file target-v6.txt (compact mmCIF, C-alpha atoms)
# COMPACT_ATOMS: atom_id res chain seq x y z
CA MET A 908 12.77 -5.34 -34.74
CA PHE A 909 13.61 -8.13 -37.20
CA ALA A 910 17.17 -8.51 -35.85
CA LYS A 911 15.66 -9.13 -32.43
CA ILE A 912 13.24 -11.70 -33.84
CA GLU A 913 16.10 -13.45 -35.69
CA ASN A 914 17.87 -13.87 -32.35
CA LEU A 915 14.70 -15.24 -30.77
CA GLU A 916 14.25 -17.68 -33.66
CA ARG A 917 17.80 -18.97 -33.10
CA ARG A 918 17.00 -19.33 -29.38
CA PHE A 919 13.83 -21.26 -30.33
CA GLU A 920 15.82 -23.63 -32.58
CA ASP A 921 18.35 -24.18 -29.79
CA LEU A 922 15.51 -25.06 -27.41
CA GLU A 923 14.16 -27.56 -29.94
CA ARG A 924 17.59 -29.22 -30.18
CA GLN A 925 17.84 -29.48 -26.39
CA LEU A 926 14.32 -30.91 -26.10
CA ALA A 927 15.10 -33.50 -28.78
CA SER A 928 17.95 -34.90 -26.69
CA PRO A 929 16.97 -38.15 -24.87
CA ALA A 930 19.11 -37.09 -21.90
CA ILE A 931 16.81 -34.16 -21.12
CA MET A 932 14.22 -36.52 -19.59
CA ASP A 933 16.66 -37.31 -16.79
CA ASP A 934 16.30 -33.75 -15.48
CA GLN A 935 12.58 -33.05 -15.14
CA GLU A 936 13.02 -29.58 -13.65
CA ARG A 937 15.17 -28.43 -16.58
CA TYR A 938 12.84 -30.17 -19.05
CA LEU A 939 9.81 -28.23 -17.74
CA LYS A 940 11.72 -24.93 -17.93
CA LEU A 941 12.70 -25.64 -21.55
CA ILE A 942 9.10 -26.59 -22.45
CA LYS A 943 7.83 -23.32 -20.95
CA ALA A 944 10.47 -21.22 -22.79
CA HIS A 945 9.69 -23.07 -26.04
CA ALA A 946 5.93 -22.43 -25.66
CA GLU A 947 6.51 -18.71 -24.99
CA LEU A 948 8.42 -18.30 -28.28
CA LYS A 949 6.37 -20.66 -30.47
CA GLU A 950 3.69 -18.22 -31.67
CA LEU A 951 6.20 -15.45 -32.42
CA VAL A 952 8.47 -17.79 -34.41
CA GLU A 953 5.57 -19.29 -36.38
CA PHE A 954 4.33 -15.83 -37.40
CA TYR A 955 7.86 -14.74 -38.29
CA ARG A 956 8.40 -17.80 -40.49
CA LEU A 957 5.11 -17.10 -42.25
CA TYR A 958 6.24 -13.47 -42.69
CA LYS A 959 9.50 -14.62 -44.31
CA HIS A 960 7.64 -17.06 -46.58
CA LEU A 961 5.21 -14.37 -47.78
CA SER A 962 8.06 -11.89 -48.25
CA ALA A 963 9.79 -14.37 -50.57
CA GLN A 964 6.51 -14.84 -52.45
CA LEU A 965 6.17 -11.08 -52.85
CA ARG A 966 9.70 -10.81 -54.27
CA GLU A 967 8.94 -13.52 -56.82
CA ASN A 968 5.62 -11.87 -57.61
CA ARG A 969 7.28 -8.51 -58.29
CA GLU A 970 9.48 -10.16 -60.92
CA LEU A 971 6.30 -11.14 -62.79
CA LEU A 972 5.36 -7.45 -62.95
CA MET A 973 8.07 -7.12 -65.60
CA ASP A 974 6.40 -9.78 -67.77
CA SER A 975 5.27 -8.66 -71.23
CA ASP A 976 2.03 -10.64 -70.96
CA GLN A 977 -0.54 -8.12 -69.72
CA GLU A 978 -2.80 -10.81 -68.21
CA ILE A 979 0.07 -12.26 -66.12
CA LYS A 980 1.09 -8.74 -65.16
CA ALA A 981 -2.48 -7.89 -63.99
CA LEU A 982 -2.68 -11.09 -61.91
CA ALA A 983 0.74 -10.34 -60.38
CA GLN A 984 -0.38 -6.81 -59.39
CA GLU A 985 -3.50 -8.18 -57.71
CA GLU A 986 -1.57 -10.83 -55.80
CA ALA A 987 1.16 -8.33 -54.83
CA LYS A 988 -1.48 -6.08 -53.23
CA SER A 989 -2.94 -9.03 -51.28
CA LEU A 990 0.51 -10.15 -50.11
CA GLN A 991 1.48 -6.62 -49.08
CA ASP A 992 -1.70 -6.26 -46.97
CA GLU A 993 -1.05 -9.61 -45.28
CA LEU A 994 2.57 -8.70 -44.55
CA GLU A 995 1.50 -5.41 -42.93
CA HIS A 996 -0.97 -7.31 -40.76
CA LEU A 997 1.74 -9.83 -39.77
CA GLU A 998 4.21 -7.05 -38.97
CA GLN A 999 1.67 -5.49 -36.58
CA LYS A 1000 1.11 -8.90 -34.99
CA LEU A 1001 4.86 -9.38 -34.52
CA LYS A 1002 5.15 -5.96 -32.87
CA LEU A 1003 2.42 -6.94 -30.39
CA LEU A 1004 4.09 -10.28 -29.64
CA LEU A 1005 7.35 -8.44 -28.88
CA LEU A 1006 5.69 -6.25 -26.23
CA PRO A 1007 6.89 -7.15 -22.72
CA ALA A 1008 4.40 -9.53 -21.13
CA ASP A 1009 2.71 -8.56 -17.88
CA PRO A 1010 4.28 -10.99 -15.37
CA MET A 1011 0.91 -11.22 -13.62
CA ASP A 1012 -1.08 -12.26 -16.72
CA ASP A 1013 -1.00 -15.99 -15.99
CA LYS A 1014 -2.11 -15.59 -12.39
CA ASN A 1015 -5.51 -16.38 -10.89
CA ILE A 1016 -7.39 -13.42 -9.43
CA ILE A 1017 -9.05 -12.22 -6.28
CA LEU A 1018 -12.25 -10.41 -7.28
CA GLU A 1019 -13.67 -7.89 -4.78
CA ILE A 1020 -17.00 -6.16 -5.36
CA ARG A 1021 -18.31 -3.55 -2.91
CA ALA A 1022 -21.60 -1.68 -2.95
CA GLY A 1023 -21.02 2.07 -3.30
CA THR A 1024 -23.46 4.97 -3.37
CA GLY A 1025 -27.09 3.96 -3.61
CA GLY A 1026 -27.86 1.94 -0.47
CA GLU A 1027 -29.77 -1.30 -1.04
CA GLU A 1028 -29.95 -0.71 -4.80
CA ALA A 1029 -26.12 -0.53 -4.88
CA ALA A 1030 -25.96 -3.83 -2.96
CA LEU A 1031 -28.31 -5.44 -5.50
CA PHE A 1032 -26.13 -4.09 -8.32
CA ALA A 1033 -23.04 -5.57 -6.62
CA ALA A 1034 -24.84 -8.94 -6.68
CA ASP A 1035 -25.69 -8.45 -10.37
CA LEU A 1036 -22.02 -7.75 -11.15
CA PHE A 1037 -20.94 -10.86 -9.25
CA ARG A 1038 -23.43 -12.94 -11.23
CA MET A 1039 -22.16 -11.35 -14.48
CA TYR A 1040 -18.55 -12.25 -13.68
CA SER A 1041 -19.55 -15.74 -12.50
CA ARG A 1042 -21.36 -16.42 -15.78
CA TYR A 1043 -18.39 -15.09 -17.76
CA ALA A 1044 -16.06 -17.34 -15.73
CA GLU A 1045 -18.33 -20.30 -16.43
CA GLY A 1046 -18.06 -19.63 -20.17
CA GLN A 1047 -14.25 -19.50 -19.88
CA ARG A 1048 -14.26 -22.75 -17.86
CA TRP A 1049 -12.80 -20.98 -14.85
CA LYS A 1050 -13.63 -21.89 -11.27
CA VAL A 1051 -15.20 -19.38 -8.85
CA GLU A 1052 -14.81 -19.82 -5.09
CA ILE A 1053 -16.41 -17.33 -2.70
CA LEU A 1054 -13.92 -16.36 0.01
CA SER A 1055 -16.05 -13.87 1.92
CA ALA A 1056 -19.51 -12.32 1.55
CA SER A 1057 -21.54 -9.72 3.45
CA PRO A 1058 -25.17 -10.04 2.29
CA SER A 1059 -27.54 -7.07 2.45
CA GLU A 1060 -31.13 -7.05 3.72
CA SER A 1061 -32.60 -7.27 0.21
CA GLY A 1062 -30.49 -10.18 -1.03
CA GLY A 1063 -27.66 -8.17 -2.54
CA PHE A 1064 -24.08 -7.86 -1.30
CA LYS A 1065 -22.48 -5.08 0.71
CA GLU A 1066 -19.23 -6.82 -0.20
CA ILE A 1067 -18.26 -10.09 -1.85
CA ILE A 1068 -14.77 -11.49 -2.39
CA ALA A 1069 -14.04 -14.49 -4.61
CA LEU A 1070 -11.08 -16.41 -5.98
CA ILE A 1071 -11.30 -17.08 -9.73
CA THR A 1072 -8.92 -19.71 -11.07
CA GLY A 1073 -8.26 -20.71 -14.66
CA ASP A 1074 -6.24 -19.96 -17.77
CA LYS A 1075 -5.05 -16.31 -17.96
CA THR A 1076 -7.77 -14.98 -15.63
CA TYR A 1077 -5.80 -11.85 -14.70
CA SER A 1078 -4.96 -11.16 -18.35
CA ARG A 1079 -8.67 -11.20 -19.30
CA MET A 1080 -10.07 -9.51 -16.18
CA LYS A 1081 -7.54 -6.87 -15.11
CA TYR A 1082 -9.30 -3.98 -16.89
CA GLU A 1083 -12.54 -4.56 -14.94
CA ALA A 1084 -11.14 -2.71 -11.91
CA GLY A 1085 -12.83 0.58 -11.12
CA THR A 1086 -16.25 2.07 -10.39
CA HIS A 1087 -19.22 0.57 -12.25
CA ARG A 1088 -22.36 2.72 -12.39
CA VAL A 1089 -25.94 1.58 -12.96
CA GLN A 1090 -28.94 3.66 -14.05
CA ARG A 1091 -32.31 1.94 -13.56
CA VAL A 1092 -35.62 2.01 -11.72
CA PRO A 1093 -35.19 0.19 -8.38
CA VAL A 1094 -37.81 -2.43 -7.48
CA THR A 1095 -38.70 -0.30 -4.43
CA GLU A 1096 -39.34 2.83 -6.54
CA SER A 1097 -43.12 3.42 -6.77
CA GLN A 1098 -42.89 6.54 -8.96
CA GLY A 1099 -40.87 4.86 -11.72
CA ARG A 1100 -37.93 7.23 -11.31
CA ILE A 1101 -34.49 6.23 -12.55
CA HIS A 1102 -31.84 6.06 -9.84
CA THR A 1103 -28.07 6.02 -10.21
CA SER A 1104 -26.07 3.64 -8.01
CA ALA A 1105 -22.51 2.38 -8.05
CA ALA A 1106 -20.29 -0.51 -7.03
CA THR A 1107 -16.51 -0.73 -7.00
CA VAL A 1108 -14.62 -3.68 -8.45
CA ALA A 1109 -11.05 -4.64 -7.57
CA ILE A 1110 -9.12 -7.23 -9.55
CA MET A 1111 -5.99 -8.47 -7.80
CA PRO A 1112 -3.57 -11.17 -8.98
CA GLU A 1113 -3.60 -14.07 -6.54
CA ALA A 1114 -0.41 -13.92 -4.52
CA GLU A 1115 1.44 -17.12 -3.69
CA GLU A 1116 3.43 -17.43 -0.47
CA ALA A 1117 6.58 -17.05 -2.58
CA ASP A 1118 5.31 -13.69 -3.93
CA ILE A 1119 4.66 -12.06 -0.56
CA ASP A 1120 6.48 -12.83 2.67
CA ILE A 1121 4.22 -12.16 5.66
CA ARG A 1122 5.91 -12.24 9.05
CA PRO A 1123 3.72 -13.61 11.88
CA GLU A 1124 4.82 -10.73 14.14
CA ASP A 1125 3.32 -8.27 11.60
CA LEU A 1126 -0.17 -9.73 12.08
CA ARG A 1127 -2.85 -9.18 14.69
CA VAL A 1128 -5.43 -11.96 14.54
CA ASP A 1129 -8.82 -11.42 16.21
CA VAL A 1130 -11.41 -14.18 16.60
CA PHE A 1131 -15.12 -13.40 16.88
CA ARG A 1132 -18.55 -14.98 16.40
CA SER A 1133 -19.94 -14.97 12.87
CA SER A 1134 -23.14 -13.06 12.15
CA GLY A 1135 -25.32 -12.67 9.08
CA PRO A 1136 -27.54 -9.88 7.74
CA GLY A 1137 -29.83 -8.39 10.37
CA GLY A 1138 -27.61 -9.64 13.17
CA GLN A 1139 -28.69 -13.30 13.12
CA SER A 1140 -25.96 -15.76 14.12
CA VAL A 1141 -24.43 -17.83 11.35
CA ASN A 1142 -22.97 -20.30 13.82
CA THR A 1143 -22.46 -20.47 17.54
CA THR A 1144 -18.68 -20.78 17.71
CA ASP A 1145 -15.97 -18.13 17.62
CA SER A 1146 -14.79 -19.13 14.13
CA ALA A 1147 -14.75 -15.77 12.31
CA ILE A 1148 -11.31 -14.27 11.74
CA ARG A 1149 -10.13 -10.68 11.39
CA ILE A 1150 -6.49 -10.20 10.41
CA THR A 1151 -4.79 -6.80 10.63
CA HIS A 1152 -1.48 -6.33 8.83
CA LEU A 1153 0.19 -3.91 11.22
CA PRO A 1154 2.79 -2.31 8.87
CA THR A 1155 0.13 -1.29 6.31
CA GLY A 1156 -3.07 -1.20 8.34
CA ILE A 1157 -4.82 -3.52 5.85
CA VAL A 1158 -7.66 -5.42 7.52
CA VAL A 1159 -9.21 -8.64 6.16
CA SER A 1160 -12.15 -10.53 7.67
CA CYS A 1161 -13.58 -13.94 6.84
CA GLN A 1162 -16.52 -15.68 8.49
CA ASP A 1163 -18.00 -17.91 5.76
CA GLU A 1164 -16.55 -21.20 7.03
CA LYS A 1165 -17.44 -22.91 10.31
CA SER A 1166 -13.77 -23.78 10.75
CA GLN A 1167 -11.55 -21.08 12.25
CA HIS A 1168 -8.57 -22.64 10.41
CA LYS A 1169 -10.32 -22.40 7.01
CA ASN A 1170 -11.40 -18.80 7.64
CA LYS A 1171 -7.83 -17.86 8.54
CA ALA A 1172 -6.45 -19.51 5.38
CA LYS A 1173 -8.95 -17.62 3.20
CA ALA A 1174 -8.25 -14.33 4.96
CA LEU A 1175 -4.50 -14.77 4.48
CA LYS A 1176 -5.06 -15.48 0.76
CA VAL A 1177 -6.92 -12.16 0.39
CA LEU A 1178 -4.32 -10.31 2.48
CA ARG A 1179 -1.43 -11.58 0.34
CA SER A 1180 -3.19 -10.45 -2.82
CA ARG A 1181 -3.94 -7.00 -1.37
CA LEU A 1182 -0.29 -6.59 -0.37
CA LEU A 1183 0.84 -7.69 -3.84
CA GLN A 1184 -1.60 -5.22 -5.39
CA ALA A 1185 -0.25 -2.44 -3.14
CA GLU A 1186 3.28 -3.24 -4.32
CA GLN A 1187 2.12 -3.13 -7.94
CA GLU A 1188 0.44 0.25 -7.40
CA LYS A 1189 3.67 1.64 -5.88
CA LEU A 1190 5.58 0.41 -8.92
CA ASP A 1191 3.03 1.99 -11.26
CA ALA A 1192 3.22 5.29 -9.41
CA ALA A 1193 7.02 5.25 -9.68
CA GLN A 1194 6.78 4.56 -13.41
CA ALA A 1195 4.03 7.01 -14.33
CA GLU A 1196 4.64 6.62 -18.05
CA ASN A 1197 3.42 3.04 -17.86
CA ARG A 1198 0.00 4.29 -16.82
CA ARG A 1199 -0.78 5.11 -20.46
CA ALA A 1200 -0.55 1.43 -21.30
CA GLN A 1201 -3.24 0.42 -18.84
CA VAL A 1202 -6.52 1.77 -20.29
CA GLY A 1203 -7.12 4.17 -17.43
CA SER A 1204 -5.50 3.97 -14.05
CA GLY A 1205 -7.48 0.97 -12.82
CA ASP A 1206 -8.08 2.93 -9.64
CA ARG A 1207 -11.22 1.85 -7.80
CA SER A 1208 -12.45 5.45 -7.64
CA GLU A 1209 -12.34 5.86 -11.42
CA ARG A 1210 -15.74 5.54 -13.14
CA ILE A 1211 -15.12 3.09 -15.93
CA ARG A 1212 -18.50 1.82 -17.13
CA THR A 1213 -22.20 2.70 -17.05
CA TYR A 1214 -25.03 0.17 -17.33
CA ASN A 1215 -28.18 2.01 -18.49
CA TYR A 1216 -31.23 -0.27 -18.17
CA PRO A 1217 -33.93 1.97 -19.73
CA GLN A 1218 -31.86 2.29 -22.93
CA GLY A 1219 -30.44 -1.27 -22.79
CA ARG A 1220 -26.91 0.04 -23.24
CA VAL A 1221 -23.49 -0.39 -21.66
CA THR A 1222 -20.95 2.41 -22.09
CA GLU A 1223 -17.25 1.77 -21.55
CA HIS A 1224 -15.97 5.30 -20.83
CA ARG A 1225 -12.24 4.60 -21.16
CA ILE A 1226 -12.43 3.68 -24.84
CA ASN A 1227 -15.71 5.45 -25.77
CA LEU A 1228 -17.43 2.16 -26.63
CA THR A 1229 -21.22 1.82 -26.36
CA LEU A 1230 -22.95 -1.54 -26.81
CA TYR A 1231 -26.71 -2.00 -26.97
CA LYS A 1232 -26.68 -5.52 -25.53
CA LEU A 1233 -27.08 -4.94 -21.80
CA ASP A 1234 -29.04 -8.17 -21.13
CA ALA A 1235 -26.38 -10.31 -22.82
CA ILE A 1236 -23.56 -8.52 -20.97
CA MET A 1237 -25.25 -8.91 -17.59
CA ASP A 1238 -25.61 -12.60 -18.45
CA GLY A 1239 -21.82 -12.89 -18.79
CA ASP A 1240 -21.23 -12.05 -22.46
CA LEU A 1241 -18.15 -9.87 -21.80
CA GLN A 1242 -15.99 -11.04 -24.70
CA GLU A 1243 -16.53 -7.98 -26.90
CA LEU A 1244 -15.73 -5.66 -23.98
CA THR A 1245 -12.64 -7.53 -22.80
CA ASP A 1246 -11.32 -7.86 -26.37
CA ALA A 1247 -11.80 -4.13 -27.03
CA LEU A 1248 -10.08 -3.18 -23.76
CA ASN A 1249 -7.12 -5.48 -24.44
CA THR A 1250 -6.79 -4.15 -28.00
CA ALA A 1251 -6.83 -0.56 -26.72
CA ALA A 1252 -4.19 -1.38 -24.10
CA GLN A 1253 -1.96 -2.97 -26.74
CA ALA A 1254 -2.34 0.05 -29.01
CA GLU A 1255 -1.34 2.37 -26.15
CA ALA A 1256 1.64 0.13 -25.32
CA LEU A 1257 2.80 0.22 -28.97
CA LYS A 1258 2.42 4.00 -29.06
CA ALA A 1259 4.43 4.36 -25.85
CA GLN A 1260 7.15 2.07 -27.20
CA THR A 1261 7.61 4.14 -30.38
CA ALA A 1262 7.30 7.53 -28.66
call {"tool": "encode", "arguments": {"input": "target-v6.txt", "output": "structure tokens"}}
result
Amino acid sequence: MFAKIENLERRFEDLERQLASPAIMDDQERYLKLIKAHAELKELVEFYRLYKHLSAQLRENRELLMDSDQEIKALAQEEAKSLQDELEHLEQKLKLLLLPADPMDDKNIILEIRAGTGGEEAALFAADLFRMYSRYAEGQRWKVEILSASPSESGGFKEIIALITGDKTYSRMKYEAGTHRVQRVPVTESQGRIHTSAATVAIMPEAEEADIDIRPEDLRVDVFRSSGPGGQSVNTTDSAIRITHLPTGIVVSCQDEKSQHKNKAKALKVLRSRLLQAEQEKLDAAQAENRRAQVGSGDRSERIRTYNYPQGRVTEHRINLTLYKLDAIMDGDLQELTDALNTAAQAEALKAQTA
């Protein structure tokens, strides 16, 4: 491991020399590439240099253990223990930093939430989940843009699709994919009985045009009149768009905008991301061993979390974590959950690397 890090440190120093050259500013494209490469190595190199510094301190400290003065010897033993603990922590951190990065981590995401079993109560739960993610995004200073929504009669959502943009959105949100279950007394329940409903969440990295090449001849585009819940007309023009990707059968609809052009652009954005996700799933299936590093399969049919309102608890089934802070979580306080899921994924990745 340390031989590899030594090589990366030399690469980092070479990048610093190149960036210090005045001539580099004449080639902006190369300059930006060097800046990006430098930033990617900076944290690893800084931790490694601290590791080397503390290792040198520990060696000096161990020499003091031979001192005849018992007081100096006792102080040296205490400091040696502290340094050893810190070095072990740094070594673990370095191992994590050496793990291959998910190439999708820096991407924005397409969030899809669909009401599952439970009728209107499931639609209301889908709306609650969308609010939860929107509040979390707000706290992260991310931007949320609704691409498509199908409201239900009671004010929930049969389906809602949104684009979330910001720093490392996919990295923080990718483990939210799966089936979310809620246990609570619906507002329409006169007997006070607890019902169980569900909604599925999909988290897809936003695909750029360069990521997915869509041929016009592979698309069937249908135009129709928008309609809202209960059949009322949203507008009186044929502006809604339905795009069918013929090779895969994937269908995407968008009717939120009054402009046919805007609806088509949004629908294509969702289609690209679904195609990219399909490619990722194929890759995962072909490399089954990698599944262990993903905290569950991420499959939409997999039950990942239960929100129990009577007990005020949220249970994350994949890592056996139960938190009694349901109100805070539903209000967007997801940090403890996302941190725990990322930590578990890193631990699995480390285990798979050493297996």
call {"tool": "closest_residue", "arguments": {"input": "target-v6.txt", "among": "A:Ala1172, A:Ile1119, A:Leu1004, A:Val1108", "to": "A:Ile912", "atoms": "all atoms listed in the file"}}
result
A:Leu1004
call {"tool": "residues_around", "arguments": {"input": "target-v6.txt", "residues": "A:Leu1178", "least_positions_apart": "5", "cutoff": "12 Å", "atoms": "only C-alpha atoms", "output": "ChimeraX atom specification"}}
result
/A:1017,1054,1068,1111-1116,1119-1121,1126,1149-1153,1155-1161,1171-1173,1183-1185
call {"tool": "atom_distance", "arguments": {"input": "target-v6.txt", "atom1": "atom CA of A:Ala963", "atom2": "atom CA of A:Asp921"}}
result
24.5 Å
call {"tool": "closest_residue", "arguments": {"input": "target-v6.txt", "among": "A:Glu1083, A:Asp1118, A:Asp1074, A:Glu920", "to": "A:Leu1244", "atoms": "all atoms listed in the file"}}
result
A:Glu1083
call {"tool": "closest_atom_pairs", "arguments": {"input": "target-v6.txt", "of": "stretch 1085-1196 of chain A", "to": "stretch 1033-1049 of chain A", "cutoff": "9 Å", "atoms": "only C-alpha atoms", "output": "Markdown table"}}
result
| residue | atom | partner | partner_atom | distance |
| --- | --- | --- | --- | --- |
| A:His1087 | CA | A:Leu1036 | CA | 8.8 |
| A:Ala1105 | CA | A:Ala1033 | CA | 8.1 |
| A:Ala1106 | CA | A:Ala1033 | CA | 5.8 |
| A:Thr1107 | CA | A:Ala1033 | CA | 8.1 |
| A:Val1108 | CA | A:Ala1033 | CA | 8.8 |
